[in-house]
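Enquirer: Take a look at structure27.txt, compact mmCIF, C-alpha atoms:
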```
# COMPACT_ATOMS: atom_id res chain seq x y z
CA PRO A 1271 84.49 350.82 -63.51
CA VAL A 1272 88.01 352.21 -63.74
CA ALA A 1273 91.06 351.35 -61.70
CA GLU A 1274 91.71 354.77 -60.24
CA GLU A 1275 88.39 354.91 -58.34
CA ALA A 1276 89.05 354.98 -54.60
CA ALA A 1277 88.03 352.17 -52.29
CA THR A 1278 87.24 351.99 -48.60
CA GLU A 1279 90.13 352.95 -46.35
CA ARG A 1280 89.76 351.33 -42.94
CA MET A 1281 91.28 353.32 -40.14
CA GLY A 1282 91.94 352.99 -36.44
CA GLY A 1283 93.77 349.69 -35.95
CA ARG A 1284 90.72 347.48 -35.74
CA SER A 1285 91.14 344.10 -37.36
CA VAL A 1286 88.37 343.27 -39.82
CA PRO A 1287 87.37 339.61 -40.04
CA ARG A 1288 87.69 338.13 -43.48
CA SER A 1289 85.20 335.74 -44.92
CA PRO A 1290 86.44 332.50 -46.44
CA SER A 1291 84.53 333.34 -49.61
CA GLY A 1292 86.59 336.34 -50.58
CA GLY A 1293 86.69 339.12 -47.94
CA GLU A 1294 86.18 342.43 -49.69
CA VAL A 1295 83.95 342.65 -52.73
CA ARG A 1296 85.63 343.77 -55.95
CA LEU A 1297 84.14 344.74 -59.28
CA PRO A 1298 85.30 342.50 -62.15
CA GLY A 1299 88.29 343.93 -63.98
CA ALA A 1300 89.03 346.66 -61.44
CA SER A 1301 90.72 347.15 -58.10
CA VAL A 1302 87.72 348.88 -56.53
CA SER A 1303 86.71 347.11 -53.32
CA ILE A 1304 82.97 347.11 -53.78
CA GLY A 1305 80.69 344.60 -55.40
CA PRO A 1306 77.68 344.30 -57.70
CA GLY A 1307 75.47 342.34 -55.32
CA PRO A 1308 75.20 339.03 -53.46
CA ARG A 1309 77.08 335.98 -54.58
CA VAL A 1310 75.60 332.57 -53.91
CA GLU A 1311 77.86 330.59 -51.63
CA PRO A 1312 78.70 327.02 -52.64
CA GLY A 1313 75.83 324.83 -51.54
CA GLY A 1314 75.92 321.59 -49.69
CA GLN A 1315 73.01 319.94 -51.56
CA THR A 1316 73.26 316.17 -51.84
CA SER A 1317 71.72 314.08 -54.55
CA ALA A 1318 69.06 311.51 -53.75
CA ALA A 1319 69.96 307.85 -54.13
CA PRO A 1320 69.13 306.33 -57.55
CA GLY A 1321 65.60 305.06 -57.77
CA THR A 1322 64.35 306.84 -54.64
CA ASP A 1323 63.97 310.46 -55.74
CA TRP A 1324 60.57 309.81 -57.39
CA VAL A 1325 59.14 306.91 -55.35
CA ARG A 1326 56.75 307.72 -52.51
CA ARG A 1327 56.71 304.86 -50.01
CA THR A 1328 53.89 304.21 -47.60
CA GLY A 1329 54.68 305.11 -44.01
CA VAL A 1330 57.87 306.99 -44.84
CA PRO A 1331 57.46 310.77 -44.46
CA ALA A 1332 58.53 312.78 -47.46
CA GLN A 1333 61.80 314.57 -46.81
CA PRO A 1334 62.12 318.18 -47.98
CA ALA A 1335 64.82 318.78 -50.54
CA PRO A 1336 67.98 320.23 -48.99
CA GLN A 1337 68.28 323.97 -49.56
CA PRO A 1338 71.49 325.83 -50.33
CA PRO A 1339 72.59 328.30 -47.67
CA PRO A 1340 71.23 331.84 -48.11
CA ALA A 1341 73.42 334.27 -49.99
CA ARG A 1342 75.36 336.65 -47.77
CA TRP A 1343 74.51 340.32 -48.36
CA ARG A 1344 77.37 342.17 -49.98
CA PRO A 1345 77.94 345.89 -50.45
CA TRP A 1346 77.13 347.20 -53.90
CA ARG A 1347 77.01 350.31 -55.99
CA PHE A 1348 74.77 351.22 -58.91
CA ARG A 1349 76.00 353.54 -61.63
CA MET A 1350 73.44 355.83 -63.29
CA SER A 1351 73.68 357.16 -66.82
CA ASN A 1352 72.87 360.67 -65.52
CA ASP A 1353 73.61 362.80 -62.46
CA VAL A 1354 72.39 361.71 -59.03
CA TRP A 1355 70.97 364.28 -56.62
CA GLY A 1356 69.23 364.55 -53.28
CA THR A 1357 69.02 362.09 -50.41
CA PRO A 1358 68.07 358.45 -51.11
CA VAL A 1359 64.76 357.22 -49.68
CA VAL A 1360 64.34 353.72 -48.18
CA ALA A 1361 60.92 352.03 -48.19
CA ASP A 1362 59.70 348.42 -48.39
CA GLY A 1363 63.13 346.94 -49.06
CA THR A 1364 63.72 349.36 -51.92
CA LEU A 1365 66.10 352.29 -52.33
CA PHE A 1366 64.67 355.21 -54.32
CA VAL A 1367 67.17 357.51 -56.01
CA SER A 1368 66.56 360.62 -58.13
CA SER A 1369 68.60 360.81 -61.34
CA PHE A 1370 66.40 362.49 -63.98
CA GLU A 1371 64.15 359.49 -63.39
CA VAL A 1372 63.23 357.84 -60.09
CA HIS A 1373 65.22 354.61 -59.86
CA ALA A 1374 63.93 351.82 -57.61
CA LEU A 1375 66.86 349.62 -56.54
CA ASP A 1376 66.51 346.32 -54.69
CA ILE A 1377 68.44 346.69 -51.44
CA ALA A 1378 69.24 342.99 -51.20
CA SER A 1379 70.85 342.66 -54.62
CA GLY A 1380 71.57 346.16 -55.94
CA GLN A 1381 69.54 345.38 -59.06
CA ARG A 1382 67.17 347.98 -60.48
CA ARG A 1383 63.53 346.95 -60.21
CA TYR A 1384 62.18 349.75 -62.39
CA LYS A 1385 62.52 353.43 -63.18
CA THR A 1386 59.98 356.13 -63.97
CA HIS A 1387 59.66 357.88 -67.32
CA ASP A 1388 59.80 361.38 -65.82
CA VAL A 1389 62.30 363.44 -63.90
CA ALA A 1390 61.79 363.99 -60.15
CA TRP A 1391 62.88 367.35 -58.74
CA ALA A 1392 60.88 366.58 -55.59
CA LEU A 1393 60.23 363.11 -54.18
CA ALA A 1394 58.18 361.58 -51.34
CA VAL A 1395 57.26 357.97 -50.49
CA ASP A 1396 54.25 357.08 -48.35
CA SER A 1397 51.78 354.19 -47.93
CA GLY A 1398 52.97 352.09 -50.85
CA ARG A 1399 53.15 354.96 -53.35
CA VAL A 1400 56.01 356.98 -54.82
CA HIS A 1401 55.05 360.63 -55.38
CA ALA A 1402 57.22 362.90 -57.49
CA ALA A 1403 57.18 366.29 -59.21
CA ASP A 1404 58.93 367.04 -62.49
CA GLY A 1405 58.37 370.78 -62.07
CA PRO A 1406 54.79 371.75 -62.98
CA HIS A 1407 53.46 368.16 -62.90
CA LEU A 1408 52.76 365.78 -60.04
CA TYR A 1409 52.66 362.02 -60.62
CA THR A 1410 52.32 358.83 -58.57
CA VAL A 1411 53.45 355.23 -59.11
CA ASP A 1412 53.26 352.05 -57.04
CA VAL A 1413 56.24 351.28 -54.82
CA ALA A 1414 56.16 347.56 -55.71
CA ASP A 1415 56.37 347.65 -59.50
CA GLY A 1416 56.28 351.26 -60.70
CA THR A 1417 52.76 351.06 -62.13
CA ALA A 1418 51.58 354.59 -62.94
CA ARG A 1419 48.52 355.66 -60.96
CA TRP A 1420 47.80 359.27 -61.90
CA ARG A 1421 49.39 362.46 -63.19
CA SER A 1422 48.22 366.03 -62.62
CA SER A 1423 49.29 369.46 -63.88
CA LEU A 1424 49.68 372.25 -61.31
CA ASP A 1425 49.75 375.95 -62.07
CA GLY A 1426 53.37 376.52 -61.08
CA TRP A 1427 56.73 374.94 -60.30
CA ILE A 1428 56.64 372.52 -57.36
CA TYR A 1429 59.68 373.21 -55.15
CA SER A 1430 58.71 371.11 -52.12
CA LEU A 1431 56.67 367.95 -51.67
CA ASP A 1432 55.54 366.24 -48.48
CA ALA A 1433 53.39 363.10 -48.10
CA ALA A 1434 51.65 361.59 -45.06
CA ASP A 1435 48.41 359.78 -44.27
CA GLY A 1436 47.09 359.83 -47.83
CA VAL A 1437 47.69 363.57 -48.37
CA LEU A 1438 50.26 365.42 -50.50
CA CYS A 1439 51.41 368.91 -49.52
CA CYS A 1440 52.94 370.92 -52.36
CA GLY A 1441 54.87 374.19 -52.21
CA ILE A 1442 54.42 376.17 -55.44
CA ARG A 1443 56.84 378.93 -56.44
CA GLY A 1444 55.31 382.37 -56.03
CA GLY A 1445 53.57 381.72 -52.70
CA GLY A 1446 51.29 378.80 -53.56
CA VAL A 1447 50.30 375.92 -51.29
CA GLN A 1448 48.21 372.96 -52.45
CA LEU A 1449 46.92 369.92 -50.58
CA ARG A 1450 46.00 366.97 -52.80
CA SER A 1451 44.73 363.42 -52.39
CA ALA A 1452 47.53 360.88 -52.67
CA ALA A 1453 45.07 358.32 -54.05
CA SER A 1454 43.74 360.36 -56.99
CA GLY A 1455 45.57 363.69 -57.15
CA ALA A 1456 42.31 365.57 -56.51
CA GLU A 1457 42.77 369.01 -55.00
CA LEU A 1458 41.70 369.26 -51.34
CA TRP A 1459 42.70 372.83 -50.50
CA ARG A 1460 44.86 375.68 -51.79
CA ALA A 1461 46.20 379.10 -50.80
CA ASP A 1462 48.37 381.76 -52.43
CA ASP A 1463 49.63 383.67 -49.38
CA ALA A 1464 52.73 381.65 -48.48
CA GLN A 1465 56.17 383.26 -48.13
CA GLN A 1466 57.99 383.82 -51.43
CA GLU A 1467 61.53 384.13 -50.07
CA TYR A 1468 63.61 381.11 -49.12
CA GLU A 1469 61.50 378.79 -51.25
CA ASN A 1470 63.26 375.50 -50.60
CA PRO A 1471 62.27 372.08 -49.25
CA GLN A 1472 63.48 372.94 -45.73
CA SER A 1473 61.24 376.02 -45.42
CA GLY A 1474 58.29 374.98 -47.62
CA PRO A 1475 54.84 373.88 -46.41
CA ALA A 1476 54.92 370.65 -44.42
CA LEU A 1477 52.69 367.92 -43.00
CA VAL A 1478 53.40 367.46 -39.29
CA ALA A 1479 51.41 365.30 -36.83
CA GLY A 1480 48.08 365.41 -38.66
CA ALA A 1481 48.19 369.05 -39.78
CA ALA A 1482 49.63 371.14 -42.62
CA TYR A 1483 51.76 374.19 -41.76
CA TYR A 1484 53.12 377.05 -43.81
CA GLN A 1485 54.43 380.58 -43.25
CA GLY A 1486 53.59 383.76 -45.10
CA GLY A 1487 53.04 387.43 -44.38
CA GLY A 1488 54.80 387.08 -41.03
CA ARG A 1489 52.35 384.45 -39.80
CA LEU A 1490 52.37 380.71 -39.23
CA ARG A 1491 49.20 379.00 -40.44
CA CYS A 1492 47.79 375.60 -39.47
CA VAL A 1493 45.48 373.91 -42.00
CA ASP A 1494 43.29 370.80 -41.87
CA PRO A 1495 45.03 368.44 -44.34
CA ARG A 1496 41.72 366.85 -45.37
CA GLY A 1497 40.38 370.09 -46.80
CA GLY A 1498 38.69 371.43 -43.69
CA GLY A 1499 40.31 374.84 -44.09
CA LEU A 1500 42.34 377.07 -41.78
CA ARG A 1501 42.53 375.98 -38.13
CA TRP A 1502 44.54 378.89 -36.72
CA SER A 1503 47.03 381.60 -37.62
CA VAL A 1504 49.58 383.30 -35.36
CA PRO A 1505 52.24 386.02 -35.93
CA VAL A 1506 55.83 384.74 -35.87
CA GLY A 1507 57.74 387.32 -37.90
CA GLY A 1508 58.82 386.84 -41.48
CA ASP A 1509 62.51 385.91 -41.60
CA VAL A 1510 63.94 382.52 -42.60
CA PRO A 1511 61.07 380.15 -41.82
CA SER A 1512 61.72 376.48 -41.09
CA ARG A 1513 59.81 373.24 -40.73
CA PRO A 1514 57.93 372.96 -37.38
CA VAL A 1515 58.32 370.03 -34.99
CA GLU A 1516 55.48 368.65 -32.85
CA HIS A 1517 56.08 366.91 -29.53
CA ALA A 1518 53.50 365.99 -26.86
CA GLY A 1519 50.91 368.44 -28.16
CA VAL A 1520 53.35 371.35 -28.45
CA LEU A 1521 54.54 372.80 -31.75
CA TYR A 1522 58.10 374.14 -31.83
CA VAL A 1523 59.15 376.42 -34.68
CA THR A 1524 61.97 378.84 -35.49
CA SER A 1525 61.49 382.05 -37.46
CA GLY A 1526 64.21 384.64 -37.80
CA SER A 1527 65.95 384.91 -34.44
CA HIS A 1528 62.97 383.51 -32.48
CA VAL A 1529 62.02 380.07 -31.17
CA TYR A 1530 58.31 379.58 -30.44
CA ALA A 1531 56.50 376.92 -28.43
CA LEU A 1532 52.82 376.90 -29.48
CA ASP A 1533 49.83 374.83 -28.44
CA ALA A 1534 49.35 372.51 -31.42
CA ALA A 1535 45.54 372.56 -31.11
CA SER A 1536 44.97 376.32 -30.78
CA GLY A 1537 48.22 378.05 -31.72
CA ALA A 1538 48.39 379.77 -28.32
CA GLU A 1539 51.93 380.80 -27.41
CA ARG A 1540 53.45 378.98 -24.42
CA TRP A 1541 56.88 380.62 -24.56
CA ARG A 1542 59.29 382.38 -26.87
CA PHE A 1543 63.07 382.50 -26.94
CA ASP A 1544 64.94 385.35 -28.62
CA ALA A 1545 68.42 384.52 -29.93
CA PRO A 1546 71.01 387.24 -30.61
CA VAL A 1547 71.21 386.40 -34.34
CA VAL A 1548 69.19 384.56 -37.00
CA LEU A 1549 68.51 380.84 -36.52
CA PHE A 1550 68.75 378.74 -39.67
CA THR A 1551 67.81 375.33 -38.31
CA PRO A 1552 64.45 373.81 -37.43
CA PRO A 1553 64.21 372.65 -33.80
CA ALA A 1554 65.24 369.20 -32.59
CA VAL A 1555 63.42 367.92 -29.50
CA ALA A 1556 64.39 365.12 -27.09
CA ASP A 1557 64.39 364.39 -23.35
CA GLY A 1558 62.71 367.64 -22.33
CA ALA A 1559 64.97 369.96 -24.32
CA VAL A 1560 64.82 371.87 -27.61
CA TYR A 1561 67.99 372.31 -29.66
CA VAL A 1562 68.57 375.00 -32.32
CA ALA A 1563 71.64 376.60 -33.92
CA ASP A 1564 72.34 380.03 -35.38
CA TYR A 1565 74.42 380.93 -38.42
CA LEU A 1566 77.44 381.81 -36.25
CA GLY A 1567 77.52 378.21 -35.04
CA THR A 1568 76.16 378.68 -31.52
CA LEU A 1569 74.18 375.67 -30.32
CA TYR A 1570 71.32 376.45 -27.88
CA ALA A 1571 69.76 373.90 -25.53
CA LEU A 1572 66.40 375.21 -24.23
CA ASP A 1573 64.07 373.75 -21.64
CA ALA A 1574 61.09 372.38 -23.60
CA ALA A 1575 58.56 373.35 -20.91
CA THR A 1576 59.73 376.90 -20.17
CA GLY A 1577 62.08 378.00 -22.95
CA ARG A 1578 64.80 378.65 -20.37
CA ASP A 1579 68.34 378.66 -21.72
CA ARG A 1580 70.02 375.52 -20.32
CA TRP A 1581 73.42 375.80 -22.01
CA ARG A 1582 75.15 377.01 -25.15
CA GLY A 1583 77.89 375.37 -27.17
CA ALA A 1584 80.29 377.04 -29.58
CA THR A 1585 81.09 375.59 -33.00
CA ALA A 1586 81.97 377.47 -36.20
CA ALA A 1587 80.07 379.61 -38.71
CA ARG A 1588 77.67 377.56 -40.83
CA GLN A 1589 75.60 378.13 -43.97
CA GLY A 1590 73.39 375.03 -43.98
CA ALA A 1591 69.91 374.68 -42.51
CA GLU A 1592 70.38 371.11 -41.29
CA PRO A 1593 69.04 370.57 -37.74
CA VAL A 1594 70.89 369.28 -34.72
CA VAL A 1595 71.02 365.45 -34.67
CA LEU A 1596 70.35 363.79 -31.29
CA ALA A 1597 71.38 360.27 -30.29
CA ASP A 1598 72.36 358.57 -27.01
CA SER A 1599 72.64 361.77 -24.94
CA THR A 1600 74.74 363.38 -27.66
CA ALA A 1601 73.94 366.45 -29.77
CA LEU A 1602 75.69 366.51 -33.17
CA LEU A 1603 76.11 369.68 -35.23
CA GLY A 1604 78.09 370.11 -38.43
CA SER A 1605 79.79 373.45 -39.00
CA GLY A 1606 82.04 373.94 -42.00
CA ASP A 1607 84.28 370.88 -42.32
CA THR A 1608 83.90 369.79 -38.67
CA LEU A 1609 81.32 367.71 -36.83
CA PHE A 1610 80.92 368.68 -33.14
CA ALA A 1611 79.52 366.37 -30.45
CA PHE A 1612 78.12 367.75 -27.16
CA ASP A 1613 76.83 366.08 -24.01
CA THR A 1614 73.12 366.92 -23.90
CA ALA A 1615 73.02 367.04 -20.08
CA THR A 1616 75.95 369.39 -19.46
CA GLY A 1617 76.76 371.00 -22.81
CA ARG A 1618 80.36 369.79 -22.55
CA GLU A 1619 82.03 369.15 -25.89
CA ARG A 1620 82.78 365.43 -26.13
CA TRP A 1621 84.74 365.39 -29.37
CA ARG A 1622 85.07 366.94 -32.79
CA TYR A 1623 85.87 365.32 -36.11
CA ALA A 1624 87.39 367.29 -38.99
CA ALA A 1625 86.91 366.13 -42.57
CA ARG A 1626 88.91 367.45 -45.51
CA GLY A 1627 85.99 369.42 -46.89
CA GLU A 1628 82.67 370.99 -45.90
CA ILE A 1629 80.13 368.59 -44.43
CA VAL A 1630 77.23 367.82 -46.78
CA GLY A 1631 73.70 367.37 -45.41
CA SER A 1632 72.97 365.85 -42.00
CA PRO A 1633 74.88 362.98 -40.41
CA ALA A 1634 73.07 359.65 -40.08
CA VAL A 1635 73.33 357.90 -36.70
CA ALA A 1636 72.59 354.22 -36.05
CA ASP A 1637 74.02 351.41 -33.91
CA GLY A 1638 76.62 353.60 -32.24
CA LEU A 1639 78.06 354.91 -35.52
CA VAL A 1640 77.85 358.31 -37.21
CA HIS A 1641 77.96 358.51 -41.01
CA LEU A 1642 78.71 361.90 -42.55
CA GLY A 1643 79.35 363.06 -46.08
CA SER A 1644 81.88 365.70 -47.06
CA ARG A 1645 82.84 367.75 -50.09
CA ASP A 1646 86.15 365.89 -49.99
CA HIS A 1647 84.26 363.25 -52.05
CA SER A 1648 84.16 360.83 -49.10
CA LEU A 1649 81.75 359.20 -46.70
CA HIS A 1650 83.24 359.11 -43.18
CA THR A 1651 82.04 356.71 -40.48
CA VAL A 1652 83.06 357.52 -36.90
CA GLU A 1653 82.21 356.10 -33.49
CA LEU A 1654 79.46 358.02 -31.69
CA ALA A 1655 81.10 357.56 -28.29
CA THR A 1656 84.61 358.73 -29.22
CA GLY A 1657 84.56 360.37 -32.66
CA ARG A 1658 87.28 357.95 -33.82
CA LEU A 1659 87.24 357.16 -37.55
CA ARG A 1660 86.06 353.61 -38.23
CA TRP A 1661 86.20 353.58 -42.03
CA GLU A 1662 86.00 355.92 -45.01
CA LEU A 1663 84.71 355.50 -48.56
CA GLY A 1664 86.24 357.64 -51.28
CA THR A 1665 84.21 358.38 -54.42
CA LYS A 1666 84.97 360.38 -57.55
CA GLY A 1667 82.52 363.18 -56.79
CA GLU A 1668 80.94 365.26 -54.05
CA LEU A 1669 78.27 363.45 -52.07
CA THR A 1670 74.67 364.46 -52.70
CA GLY A 1671 72.21 365.03 -49.88
CA SER A 1672 72.56 363.15 -46.60
CA PRO A 1673 73.55 359.53 -46.00
CA VAL A 1674 70.79 357.17 -44.83
CA ALA A 1675 71.44 354.39 -42.30
CA VAL A 1676 68.86 351.59 -42.03
CA GLY A 1677 69.12 347.98 -40.92
CA GLY A 1678 72.87 347.81 -40.54
CA ARG A 1679 73.49 349.41 -43.94
CA VAL A 1680 74.26 352.92 -45.08
CA PHE A 1681 73.28 354.44 -48.43
CA VAL A 1682 74.62 357.55 -50.12
CA GLY A 1683 74.69 359.14 -53.57
CA SER A 1684 77.63 360.82 -55.25
CA LYS A 1685 78.19 363.19 -58.14
CA ASP A 1686 80.22 360.41 -59.75
CA ARG A 1687 76.73 359.18 -60.85
CA CYS A 1688 76.80 356.28 -58.40
CA VAL A 1689 74.69 355.31 -55.42
CA TYR A 1690 76.46 353.19 -52.80
CA ALA A 1691 75.11 350.58 -50.37
CA LEU A 1692 77.63 349.70 -47.65
CA ASP A 1693 77.83 347.70 -44.45
CA SER A 1694 77.47 350.22 -41.63
CA PHE A 1695 80.20 348.63 -39.50
CA TYR A 1696 82.66 347.34 -42.12
CA GLY A 1697 82.13 349.62 -45.14
CA THR A 1698 82.88 347.61 -48.29
CA ALA A 1699 84.29 344.62 -46.39
CA VAL A 1700 82.27 341.44 -45.89
CA PRO A 1701 82.43 340.24 -42.27
```
The structure in this file should be written as structure tokens.

Expert:
Amino acid sequence: PVAEEAATERMGGRSVPRSPSGGEVRLPGASVSIGPGPRVEPGGQTSAAPGTDWVRRTGVPAQPAPQPPPARWRPWRFRMSNDVWGTPVVADGTLFVSSFEVHALDIASGQRRYKTHDVAWALAVDSGRVHAADGPHLYTVDVADGTARWRSSLDGWIYSLDAADGVLCCGIRGGGVQLRSAASGAELWRADDAQQEYENPQSGPALVAGAAYYQGGGRLRCVDPRGGGLRWSVPVGGDVPSRPVEHAGVLYVTSGSHVYALDAASGAERWRFDAPVVLFTPPAVADGAVYVADYLGTLYALDAATGRDRWRGATAARQGAEPVVLADSTALLGSGDTLFAFDTATGRERWRYAARGEIVGSPAVADGLVHLGSRDHSLHTVELATGRLRWELGTKGELTGSPVAVGGRVFVGSKDRCVYALDSFYGTAVP
């Protein structure tokens, strides 16, 4: 650690309670307000009287030994020896981070439990297993201790990886799709007719609600993930495919300037909405409405049953493919360096928050707070109701991927080779 690294800057005039054990956490030898893990508070354990700590007397119940108070969780950061990339993954009390190897960090302490021997350009965690691809190879280790389970060579570079219900869905550069068993790596099904443009994790083949979906040749295909073959295929055009979303037996998907609502069982079209320009984002569905955004920054709210245009909101031009984020009757959309918040019932803009650089990834929303990363090297936390800044963490690099908020904590990686674990409400402070 070096002294010039930035610390959390609390904003907005809210007083932050200080703990008697030290308030903010600081790394030894530096002024950075963030700590290496929990510190054990001074215990109140009393010693047994002489001559009684080993004698068991008849009729006197044995008293359990007094226990020290549990250690208070403290924010931490973990510095890698190589670059960090992508979005962290949380599973089973562990934070998984890609940095040439997969690093498994204990959330409670910030200590590394283990790391893999291979790089992970694609990563998925499901059912107690960590699945990763180093390019042409697919490998699996146990979540608990990193024990290697199997490794398989595929005939191409794996650019997307999805895992669910014991099945792995791989997107292979050049139009390949492979379904494999998560338990053994055995091939279940394959095809070579997927789209070859826009080969990225957002538009690659995906596992959704018990089915595998991929686009190619202007068609959307639904496949049995257990190797049962093609279920149905429907034409949807061939421009800028995105990941489908299933809700109540209906599949919603964007392709080019179209939004489709399809029967998930048969592929039959229920309705279609044609936007004026190309839509980059996959749909977001909640409370009877479907939300999508185009590259000019227009936010569309469509009736989920009919496809009718409910309202439109104006933001700014955007390049990312991140979907609209929905929480507490609010639709959040990042465009450029600004996050816009709209009322989902009326389409009225509630607030907007401007960072000092372009927003990175999708915002994470939990417990009435919105966490968003920016190319200004900072993680910003604002109130969902008002958009007022609560606190901000400055790092020494651009943030990678999206922040993740789970259990009152928020996790984010930075190009300063660090991954940060912070208190969602207080940042690096200890309440």

Enquirer: With only C-alpha atoms as the atoms that count, which of A:Gly1697, A:Gly1604, A:Gly1356, A:Pro1345 lies nearest to Thr1670 (chain A)?

Expert: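 So, comparing all the options, the nearest one is A:Gly1356.
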
Enquirer: Which distance in Å separates CA of Asp1432 (chain A) and CA of Glu1467 (chain A), to one decimal?

Expert: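 Value for the CA of Asp1432 (chain A)-CA of Glu1467 (chain A) distance: 18.9 Å.
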
Enquirer: Could you tell me how far CA of Ala1587 (chain A) lies from CA of Thr1551 (chain A), in Å and to one decimal?

Expert: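 Distance reported for this atom pair: 13.0 Å.
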
Enquirer: Using only C-alpha atoms, find the one residue out of A:Val1367, A:Val1689, A:Val1700, A:Leu1477 that sits nearest to Arg1342 (chain A).

Expert: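 For Arg1342 (chain A), the nearest of the candidates is A:Val1700.
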
Enquirer: Excluding Tyr1468 (chain A) and residues on its chain fewer than 3 positions from it, collect all residues at most 8 Å away from it, counting all atoms listed in the file, and give them as a list in words.

Expert: Gln1465, Ser1473, Val1510 and Pro1511 of chain A

Enquirer: Neighbouring residues of Ala1675 (chain A) were defined as those with any atom within 12 Å, considering all atoms listed in the file; residues of the same chain fewer than 6 positions away were excluded. Please report them as a PDB file with C-alpha atoms, keeping the file's coordinate frame.

Expert:
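Result went into selection_22.pdb, see below:
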```pdb
ATOM      1  CA  THR A1357      69.020 362.090 -50.410  1.00  0.00           C
ATOM      2  CA  PRO A1358      68.070 358.450 -51.110  1.00  0.00           C
ATOM      3  CA  VAL A1359      64.760 357.220 -49.680  1.00  0.00           C
ATOM      4  CA  VAL A1360      64.340 353.720 -48.180  1.00  0.00           C
ATOM      5  CA  LEU A1365      66.100 352.290 -52.330  1.00  0.00           C
ATOM      6  CA  SER A1632      72.970 365.850 -42.000  1.00  0.00           C
ATOM      7  CA  PRO A1633      74.880 362.980 -40.410  1.00  0.00           C
ATOM      8  CA  ALA A1634      73.070 359.650 -40.080  1.00  0.00           C
ATOM      9  CA  VAL A1635      73.330 357.900 -36.700  1.00  0.00           C
ATOM     10  CA  ALA A1636      72.590 354.220 -36.050  1.00  0.00           C
ATOM     11  CA  ASP A1637      74.020 351.410 -33.910  1.00  0.00           C
ATOM     12  CA  GLY A1638      76.620 353.600 -32.240  1.00  0.00           C
ATOM     13  CA  LEU A1639      78.060 354.910 -35.520  1.00  0.00           C
ATOM     14  CA  VAL A1640      77.850 358.310 -37.210  1.00  0.00           C
ATOM     15  CA  HIS A1641      77.960 358.510 -41.010  1.00  0.00           C
ATOM     16  CA  LEU A1642      78.710 361.900 -42.550  1.00  0.00           C
ATOM     17  CA  THR A1651      82.040 356.710 -40.480  1.00  0.00           C
ATOM     18  CA  PHE A1681      73.280 354.440 -48.430  1.00  0.00           C
ATOM     19  CA  VAL A1682      74.620 357.550 -50.120  1.00  0.00           C
ATOM     20  CA  TYR A1690      76.460 353.190 -52.800  1.00  0.00           C
ATOM     21  CA  ALA A1691      75.110 350.580 -50.370  1.00  0.00           C
ATOM     22  CA  LEU A1692      77.630 349.700 -47.650  1.00  0.00           C
ATOM     23  CA  ASP A1693      77.830 347.700 -44.450  1.00  0.00           C
ATOM     24  CA  SER A1694      77.470 350.220 -41.630  1.00  0.00           C
ATOM     25  CA  PHE A1695      80.200 348.630 -39.500  1.00  0.00           C
TER      26      PHE A1695
END
```

Enquirer: Determine the nearest neighbour of Val1493 (chain A) from the options A:Tyr1522, A:Asp1463, A:Ser1368, A:Leu1449, counting all atoms listed in the file.

Expert: A:Leu1449

Enquirer: Using all atoms listed in the file, which of A:Leu1569, A:Ala1591, A:Lys1666, A:Arg1578 sits nearest Asp1613 (chain A)?

Expert: A:Leu1569

Enquirer: Give me, as JSON lines, the closest atom pair and its distance (Å, one decimal) for every residue of region 1557-1583 of chain A within a cut-off of 8 Å of region 1540-1550 of chain A, counting only C-alpha atoms, rows sorted by chain and rising number.

Expert:
```
{"residue": "A:Val1562", "atom": "CA", "partner": "A:Leu1549", "partner_atom": "CA", "distance": 7.2}
{"residue": "A:Ala1563", "atom": "CA", "partner": "A:Leu1549", "partner_atom": "CA", "distance": 5.9}
{"residue": "A:Asp1564", "atom": "CA", "partner": "A:Leu1549", "partner_atom": "CA", "distance": 4.1}
{"residue": "A:Tyr1565", "atom": "CA", "partner": "A:Phe1550", "partner_atom": "CA", "distance": 6.2}
{"residue": "A:Leu1566", "atom": "CA", "partner": "A:Val1547", "partner_atom": "CA", "distance": 8.0}
{"residue": "A:Thr1576", "atom": "CA", "partner": "A:Trp1541", "partner_atom": "CA", "distance": 6.4}
{"residue": "A:Gly1577", "atom": "CA", "partner": "A:Trp1541", "partner_atom": "CA", "distance": 6.0}
{"residue": "A:Arg1578", "atom": "CA", "partner": "A:Phe1543", "partner_atom": "CA", "distance": 7.8}
```

Enquirer: Set the distance at 10 Å and use all atoms listed in the file: which residues neighbour Ala1402 (chain A) once local chain neighbours fewer than 6 positions away are removed? I'd like the list as a list in words.

Expert: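 Residues meeting the cut-off are Ser1368, Glu1371, Val1372, Thr1386, Asp1388, Val1389, Ala1390, Trp1391, Ala1392, Leu1393, Ala1394, Val1395, Leu1408, Tyr1409, Thr1410, Val1411, Arg1421, Ile1428, Ser1430, Leu1431 and Asp1432 of chain A.
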
Enquirer: Using only C-alpha atoms, give me every residue within 10 Å of (57.1, 370.1, -42.8) in file coordinates, as a list in words.

Expert: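 Residues found, by chain and rising number: Ser1430, Leu1431, Asp1432, Ala1433, Cys1439, Pro1471, Gln1472, Ser1473, Gly1474, Pro1475, Ala1476, Leu1477, Val1478, Ala1479, Ala1481, Ala1482, Tyr1483, Tyr1484, Ser1512, Arg1513, Pro1514, Val1515 and Pro1552 of chain A.
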